[in-house]
>>> print(open('run22.cif').read())   # mmCIF, C-alpha atoms
data_data
loop_
_atom_site.group_PDB
_atom_site.id
_atom_site.type_symbol
_atom_site.label_atom_id
_atom_site.label_comp_id
_atom_site.auth_asym_id
_atom_site.auth_seq_id
_atom_site.Cartn_x
_atom_site.Cartn_y
_atom_site.Cartn_z
ATOM 1 C CA MET A 1 43.097 -12.691 92.297
ATOM 2 C CA ALA A 2 41.207 -15.274 90.248
ATOM 3 C CA LEU A 3 37.809 -16.384 91.433
ATOM 4 C CA THR A 4 37.425 -20.113 91.996
ATOM 5 C CA LYS A 5 33.706 -19.760 92.612
ATOM 6 C CA ILE A 6 31.242 -16.955 92.103
ATOM 7 C CA GLU A 7 30.245 -15.318 95.323
ATOM 8 C CA ARG A 8 26.919 -13.515 95.498
ATOM 9 C CA ALA A 9 28.781 -10.294 96.290
ATOM 10 C CA ASN A 10 30.712 -10.606 92.994
ATOM 11 C CA LEU A 11 27.538 -11.039 90.923
ATOM 12 C CA ALA A 12 26.192 -7.642 89.888
ATOM 13 C CA THR A 13 23.494 -7.437 87.225
ATOM 14 C CA THR A 14 21.612 -4.605 85.581
ATOM 15 C CA GLY A 15 17.954 -4.622 84.632
ATOM 16 C CA THR A 16 15.114 -6.682 85.979
ATOM 17 C CA PRO A 17 14.878 -10.424 85.416
ATOM 18 C CA ASP A 18 11.592 -12.030 84.420
ATOM 19 C CA GLY A 19 10.436 -15.121 82.524
ATOM 20 C CA SER A 20 11.055 -13.547 79.103
ATOM 21 C CA LYS A 21 14.682 -12.433 79.627
ATOM 22 C CA PHE A 22 18.071 -14.056 79.897
ATOM 23 C CA LEU A 23 21.311 -12.958 81.513
ATOM 24 C CA GLN A 24 23.926 -11.947 78.931
ATOM 25 C CA ASP A 25 27.654 -12.274 79.444
ATOM 26 C CA ASP A 26 27.842 -8.508 80.133
ATOM 27 C CA MET A 27 25.642 -9.190 83.197
ATOM 28 C CA ALA A 28 22.617 -7.353 81.742
ATOM 29 C CA TRP A 29 19.191 -8.914 81.377
ATOM 30 C CA ALA A 30 17.957 -8.940 77.753
ATOM 31 C CA ALA A 31 14.798 -10.018 75.957
ATOM 32 C CA LEU A 32 14.812 -13.457 74.390
ATOM 33 C CA PRO A 33 15.295 -13.424 70.629
ATOM 34 C CA ALA A 34 12.228 -14.032 68.484
ATOM 35 C CA SER A 35 11.717 -17.647 67.576
ATOM 36 C CA GLY A 36 9.364 -19.535 65.352
ATOM 37 C CA VAL A 37 7.719 -18.308 62.162
ATOM 38 C CA THR A 38 7.450 -14.518 62.131
ATOM 39 C CA GLN A 39 6.032 -14.130 58.613
ATOM 40 C CA MET A 40 3.847 -16.427 56.500
ATOM 41 C CA SER A 41 1.426 -15.743 53.671
ATOM 42 C CA GLN A 42 -0.201 -17.727 50.874
ATOM 43 C CA TRP A 43 -1.167 -16.310 47.493
ATOM 44 C CA GLN A 44 -3.760 -17.997 45.248
ATOM 45 C CA LEU A 45 -4.056 -17.726 41.485
ATOM 46 C CA GLN A 46 -7.530 -16.229 41.036
ATOM 47 C CA ALA A 47 -8.502 -17.680 37.634
ATOM 48 C CA ASP A 48 -7.378 -20.159 34.974
ATOM 49 C CA PHE A 49 -5.127 -19.062 32.113
ATOM 50 C CA ALA A 50 -3.890 -20.831 28.992
ATOM 51 C CA ASN A 51 -0.502 -20.619 27.298
ATOM 52 C CA THR A 52 2.655 -18.954 28.551
ATOM 53 C CA GLN A 53 2.683 -16.126 31.087
ATOM 54 C CA THR A 54 5.807 -14.343 32.325
ATOM 55 C CA PRO A 55 5.455 -13.375 35.030
ATOM 56 C CA VAL A 56 2.242 -15.025 36.164
ATOM 57 C CA THR A 57 -0.115 -12.341 37.396
ATOM 58 C CA ASN A 58 -3.503 -12.431 39.099
ATOM 59 C CA PHE A 59 -2.340 -13.746 42.467
ATOM 60 C CA LEU A 60 -4.171 -12.482 45.546
ATOM 61 C CA ILE A 61 -3.571 -13.295 49.172
ATOM 62 C CA ASN A 62 -5.665 -16.252 50.331
ATOM 63 C CA SER A 63 -8.788 -15.111 52.167
ATOM 64 C CA GLY A 64 -10.941 -18.182 52.749
ATOM 65 C CA ASP A 65 -11.378 -21.321 54.804
ATOM 66 C CA GLY A 66 -9.986 -19.922 58.061
ATOM 67 C CA TYR A 67 -6.785 -18.660 56.428
ATOM 68 C CA GLY A 68 -4.549 -16.320 58.403
ATOM 69 C CA THR A 69 -1.370 -14.396 57.636
ATOM 70 C CA VAL A 70 1.491 -14.274 60.154
ATOM 71 C CA GLY A 71 3.329 -10.945 60.295
ATOM 72 C CA THR A 72 3.586 -8.643 57.297
ATOM 73 C CA ALA A 73 2.926 -10.219 53.906
ATOM 74 C CA PRO A 74 4.994 -9.409 50.815
ATOM 75 C CA THR A 75 3.471 -7.040 48.273
ATOM 76 C CA ILE A 76 2.883 -7.894 44.625
ATOM 77 C CA SER A 77 2.885 -5.629 41.580
ATOM 78 C CA SER A 78 2.492 -6.909 37.998
ATOM 79 C CA GLY A 79 3.329 -10.442 39.175
ATOM 80 C CA VAL A 80 6.519 -9.499 41.029
ATOM 81 C CA TRP A 81 6.678 -9.927 44.818
ATOM 82 C CA THR A 82 8.631 -7.610 47.097
ATOM 83 C CA LEU A 83 9.380 -9.203 50.454
ATOM 84 C CA SER A 84 8.569 -7.156 53.551
ATOM 85 C CA ALA A 85 11.824 -7.864 55.430
ATOM 86 C CA THR A 86 15.260 -9.318 54.839
ATOM 87 C CA GLY A 87 15.896 -12.907 55.859
ATOM 88 C CA PHE A 88 15.707 -16.487 54.650
ATOM 89 C CA TYR A 89 12.373 -17.417 53.047
ATOM 90 C CA LEU A 90 10.997 -20.824 52.163
ATOM 91 C CA ILE A 91 9.040 -20.239 48.960
ATOM 92 C CA ARG A 92 6.606 -23.036 48.136
ATOM 93 C CA LEU A 93 4.939 -23.343 44.739
ATOM 94 C CA GLN A 94 2.019 -25.636 44.104
ATOM 95 C CA VAL A 95 0.352 -25.799 40.726
ATOM 96 C CA GLU A 96 -2.584 -27.598 39.172
ATOM 97 C CA PHE A 97 -2.877 -27.668 35.410
ATOM 98 C CA TYR A 98 -5.025 -29.334 32.758
ATOM 99 C CA ASP A 99 -3.996 -30.521 29.305
ATOM 100 C CA SER A 100 -7.040 -31.310 27.165
ATOM 101 C CA SER A 101 -4.982 -33.137 24.543
ATOM 102 C CA ASN A 102 -2.444 -34.735 26.909
ATOM 103 C CA SER A 103 0.401 -34.316 24.446
ATOM 104 C CA ASN A 104 1.992 -31.024 25.413
ATOM 105 C CA ALA A 105 4.876 -29.855 27.530
ATOM 106 C CA TYR A 106 4.400 -27.679 30.596
ATOM 107 C CA ALA A 107 6.890 -25.855 32.805
ATOM 108 C CA ILE A 108 6.406 -23.474 35.723
ATOM 109 C CA GLY A 109 9.006 -22.154 38.083
ATOM 110 C CA ILE A 110 10.021 -19.858 40.890
ATOM 111 C CA GLU A 111 12.303 -17.107 39.620
ATOM 112 C CA THR A 112 14.352 -14.833 41.860
ATOM 113 C CA CYS A 113 16.234 -11.612 41.324
ATOM 114 C CA THR A 114 19.042 -10.097 43.408
ATOM 115 C CA ASP A 115 19.869 -7.020 41.307
ATOM 116 C CA GLY A 116 16.365 -5.546 40.919
ATOM 117 C CA THR A 117 15.918 -6.481 37.232
ATOM 118 C CA THR A 118 17.390 -9.837 36.137
ATOM 119 C CA PHE A 119 15.358 -12.925 37.072
ATOM 120 C CA ASP A 120 16.835 -16.430 37.068
ATOM 121 C CA THR A 121 15.090 -19.768 37.535
ATOM 122 C CA ALA A 122 15.478 -21.022 41.103
ATOM 123 C CA THR A 123 13.096 -24.000 40.907
ATOM 124 C CA LEU A 124 11.549 -25.475 37.755
ATOM 125 C CA LEU A 125 8.657 -27.960 37.613
ATOM 126 C CA ARG A 126 8.077 -29.763 34.302
ATOM 127 C CA ASP A 127 5.628 -32.230 32.805
ATOM 128 C CA HIS A 128 5.448 -33.901 29.416
ATOM 129 C CA SER A 129 3.626 -37.209 29.409
ATOM 130 C CA PRO A 130 2.301 -37.797 25.898
ATOM 131 C CA GLY A 131 -0.030 -40.658 25.183
ATOM 132 C CA LEU A 132 -0.940 -41.601 28.744
ATOM 133 C CA HIS A 133 -4.648 -40.877 28.248
ATOM 134 C CA SER A 134 -6.866 -38.324 26.590
ATOM 135 C CA GLY A 135 -6.631 -35.141 28.618
ATOM 136 C CA GLY A 136 -5.739 -34.891 32.237
ATOM 137 C CA TYR A 137 -5.219 -32.915 35.415
ATOM 138 C CA ARG A 138 -1.791 -32.748 36.962
ATOM 139 C CA THR A 139 -0.302 -31.240 40.097
ATOM 140 C CA ALA A 140 3.259 -30.319 40.945
ATOM 141 C CA PHE A 141 5.054 -28.924 43.991
ATOM 142 C CA GLY A 142 8.401 -27.205 44.390
ATOM 143 C CA ASN A 143 10.373 -25.281 47.024
ATOM 144 C CA PHE A 144 13.220 -22.813 47.151
ATOM 145 C CA VAL A 145 15.016 -21.170 50.086
ATOM 146 C CA PHE A 146 15.754 -17.549 49.171
ATOM 147 C CA ASN A 147 18.178 -15.338 51.093
ATOM 148 C CA CYS A 148 16.744 -11.824 50.822
ATOM 149 C CA THR A 149 19.484 -9.408 51.880
ATOM 150 C CA ASN A 150 17.877 -6.282 50.359
ATOM 151 C CA THR A 151 14.115 -5.841 49.886
ATOM 152 C CA SER A 152 14.691 -3.214 47.172
ATOM 153 C CA THR A 153 16.619 -5.551 44.864
ATOM 154 C CA HIS A 154 15.635 -9.105 45.880
ATOM 155 C CA LYS A 155 12.353 -10.037 44.158
ATOM 156 C CA VAL A 156 10.348 -13.168 43.316
ATOM 157 C CA GLN A 157 8.095 -14.055 40.383
ATOM 158 C CA ILE A 158 6.499 -17.152 38.843
ATOM 159 C CA ASN A 159 7.119 -18.008 35.180
ATOM 160 C CA CYS A 160 4.921 -20.397 33.192
ATOM 161 C CA SER A 161 5.574 -21.862 29.758
ATOM 162 C CA THR A 162 3.436 -24.266 27.715
ATOM 163 C CA SER A 163 3.795 -25.761 24.243
ATOM 164 C CA ALA A 164 0.139 -25.276 23.252
ATOM 165 C CA ALA A 165 -3.072 -23.431 24.063
ATOM 166 C CA THR A 166 -4.644 -26.712 25.199
ATOM 167 C CA VAL A 167 -2.710 -26.474 28.496
ATOM 168 C CA SER A 168 -4.267 -24.348 31.242
ATOM 169 C CA THR A 169 -2.868 -23.363 34.620
ATOM 170 C CA LEU A 170 -5.774 -23.583 37.047
ATOM 171 C CA GLY A 171 -6.733 -20.905 39.539
ATOM 172 C CA ASN A 172 -9.756 -20.220 41.688
ATOM 173 C CA ALA A 173 -10.553 -17.470 44.183
ATOM 174 C CA ASN A 174 -12.470 -19.918 46.410
ATOM 175 C CA GLU A 175 -10.062 -22.870 46.618
ATOM 176 C CA THR A 176 -6.319 -23.335 46.392
ATOM 177 C CA LYS A 177 -5.313 -24.851 43.052
ATOM 178 C CA THR A 178 -2.204 -22.876 42.119
ATOM 179 C CA ALA A 179 -0.527 -20.985 44.951
ATOM 180 C CA VAL A 180 2.692 -19.500 46.262
ATOM 181 C CA THR A 181 3.486 -19.575 49.990
ATOM 182 C CA PHE A 182 6.168 -17.429 51.631
ATOM 183 C CA ILE A 183 7.493 -18.505 55.047
ATOM 184 C CA ARG A 184 10.220 -16.391 56.648
ATOM 185 C CA LEU A 185 12.562 -18.839 58.407
ATOM 186 C CA ALA A 186 15.082 -16.438 59.932
#
>>> encode(input="run22.cif", output="structure tokens")
Amino acid sequence: MALTKIERANLATTGTPDGSKFLQDDMAWAALPASGVTQMSQWQLQADFANTQTPVTNFLINSGDGYGTVGTAPTISSGVWTLSATGFYLIRLQVEFYDSSNSNAYAIGIETCTDGTTFDTATLLRDHSPGLHSGGYRTAFGNFVFNCTNTSTHKVQINCSTSAATVSTLGNANETKTAVTFIRLA
């Protein structure tokens, strides 16, 4: 006999309902899935460096100006980040650099690895503006969404390349000049 309406006597549930649970189709009460940002951390370059650096090292987790980490932050070793959980991550790179001669090329990028050893460029930021003025500060921003399916093999690093020693990537332990932010989306 098909039901045309659900009678209270035909509705049998298991568990205890409350404001943080929902009724599943198997008639059991279950906790709501996590929503919102569950992991977020920002890493600052601690000091300036000139020339090329692959990978860029000397990043430390931000610790000033009311900063706070959400969840478990990735770990870093020799400039290579290991994410703390699988999932989709928004990786944000911001960089400030200075070219004292204003005639050189600069490139910095987010590189990712899915096999544990081979890094490929995911996002590349470039600048080459010769002759605009004598020396100058520049900033650049880039993003990449990375699907980390295995924390043992999926890694992230930053690669920087310059055409001359007159170009410096700027870092500071007390203010954010060059930084990488990891936000776990799902």
>>> resolve_selection(input="run22.cif", expression="the PyMOL selection byres ((chain A and resi 92) around 10)", output="PyMOL selection string")
chain A and resi 42+89-91+93-94+110+123+141-145+179-183
>>> closest_residue(input="run22.cif", among="A:Asn62, A:Ser78, A:Thr69, A:Gln39", to="Ile158 of chain A", atoms="only C-alpha atoms")
A:Ser78
>>> atom_distance(input="run22.cif", atom1="atom CA of Ser63 of chain A", atom2="atom CA of Leu83 of chain A")
19.2 Å
>>> residues_around(input="run22.cif", residues="segment 56-59 of chain A", least_positions_apart="4", cutoff="6 Å", atoms="all atoms listed in the file", output="list in words")
Trp43, Gln44, Leu45, Gln46, Gly79, Ile158 and Asn159 of chain A
>>> closest_residue(input="run22.cif", among="A:Thr178, A:Thr121, A:Thr82, A:Thr153", to="Thr54 of chain A", atoms="all atoms listed in the file")
A:Thr121
>>> atom_distance(input="run22.cif", atom1="atom CA of Thr38 of chain A", atom2="atom CA of Gly116 of chain A")
24.7 Å
>>> resolve_selection(input="run22.cif", expression="the PyMOL selection byres ((chain A and resi 53) around 12)", output="NGL selection string")
:A and (48-52 or 54-58 or 78-79 or 106-109 or 157-163 or 165 or 167-169)
>>> atom_distance(input="run22.cif", atom1="atom CA of Ala85 of chain A", atom2="atom CA of Phe146 of chain A")
12.2 Å
>>> axis_aligned_box(input="run22.cif", around="segment 105-111 of chain A", padding_each_side="5 Å", output="lines of an AutoDock Vina configuration file")
center_x = 8.4
center_y = -23.5
center_z = 34.2
size_x = 17.9
size_y = 22.7
size_z = 23.4
>>> closest_residue(input="run22.cif", among="A:Ser41, A:Ser101, A:Thr176, A:Thr149", to="Thr86 of chain A", atoms="only C-alpha atoms")
A:Thr149
>>> residues_around(input="run22.cif", residues="Trp81 of chain A", least_positions_apart="5", cutoff="6 Å", atoms="all atoms listed in the file", output="number ranges by chain")
A: 75-76, 155-156
>>> closest_residue(input="run22.cif", among="A:Ala73, A:Ala140, A:Asn172, A:Met40", to="Leu124 of chain A", atoms="all atoms listed in the file")
A:Ala140
>>> closest_residue(input="run22.cif", among="A:Val37, A:Ala47, A:His128, A:Gly136", to="Ala105 of chain A", atoms="all atoms listed in the file")
A:His128
>>> closest_residue(input="run22.cif", among="A:Asn147, A:Asn174, A:Ala122, A:Arg184", to="Gly71 of chain A", atoms="all atoms listed in the file")
A:Arg184
>>> decode(input="run22.cif", residues="segment 66-97 of chain A", atoms="C-alpha atoms", output="mmCIF file, in the first residue's frame")
data_model
loop_
_atom_site.group_PDB
_atom_site.id
_atom_site.type_symbol
_atom_site.label_atom_id
_atom_site.label_comp_id
_atom_site.auth_asym_id
_atom_site.auth_seq_id
_atom_site.Cartn_x
_atom_site.Cartn_y
_atom_site.Cartn_z
ATOM 1 C CA GLY A 66 46.127 40.892 15.568
ATOM 2 C CA TYR A 67 46.799 38.056 13.117
ATOM 3 C CA GLY A 68 45.160 34.695 13.745
ATOM 4 C CA THR A 69 45.349 31.288 12.087
ATOM 5 C CA VAL A 70 42.191 29.244 11.464
ATOM 6 C CA GLY A 71 42.628 25.489 11.907
ATOM 7 C CA THR A 72 45.940 23.751 11.309
ATOM 8 C CA ALA A 73 48.484 25.648 9.226
ATOM 9 C CA PRO A 74 50.648 23.974 6.580
ATOM 10 C CA THR A 75 54.257 23.242 7.492
ATOM 11 C CA ILE A 76 57.262 24.549 5.582
ATOM 12 C CA SER A 77 60.695 22.999 5.120
ATOM 13 C CA SER A 78 63.412 24.516 2.897
ATOM 14 C CA GLY A 79 60.787 26.685 1.176
ATOM 15 C CA VAL A 80 58.376 23.844 0.387
ATOM 16 C CA TRP A 81 54.934 23.797 2.035
ATOM 17 C CA THR A 82 53.133 20.606 3.008
ATOM 18 C CA LEU A 83 49.406 21.143 3.442
ATOM 19 C CA SER A 84 47.833 19.801 6.630
ATOM 20 C CA ALA A 85 44.764 18.214 4.991
ATOM 21 C CA THR A 86 43.452 17.288 1.572
ATOM 22 C CA GLY A 87 41.012 19.638 -0.118
ATOM 23 C CA PHE A 88 40.779 22.656 -2.387
ATOM 24 C CA TYR A 89 43.034 25.556 -1.361
ATOM 25 C CA LEU A 90 43.028 29.143 -2.550
ATOM 26 C CA ILE A 91 46.697 30.129 -2.563
ATOM 27 C CA ARG A 92 47.261 33.883 -2.683
ATOM 28 C CA LEU A 93 50.655 35.405 -3.440
ATOM 29 C CA GLN A 94 51.425 39.048 -2.874
ATOM 30 C CA VAL A 95 54.856 40.455 -3.551
ATOM 31 C CA GLU A 96 56.599 43.790 -3.206
ATOM 32 C CA PHE A 97 59.882 44.308 -4.992
#
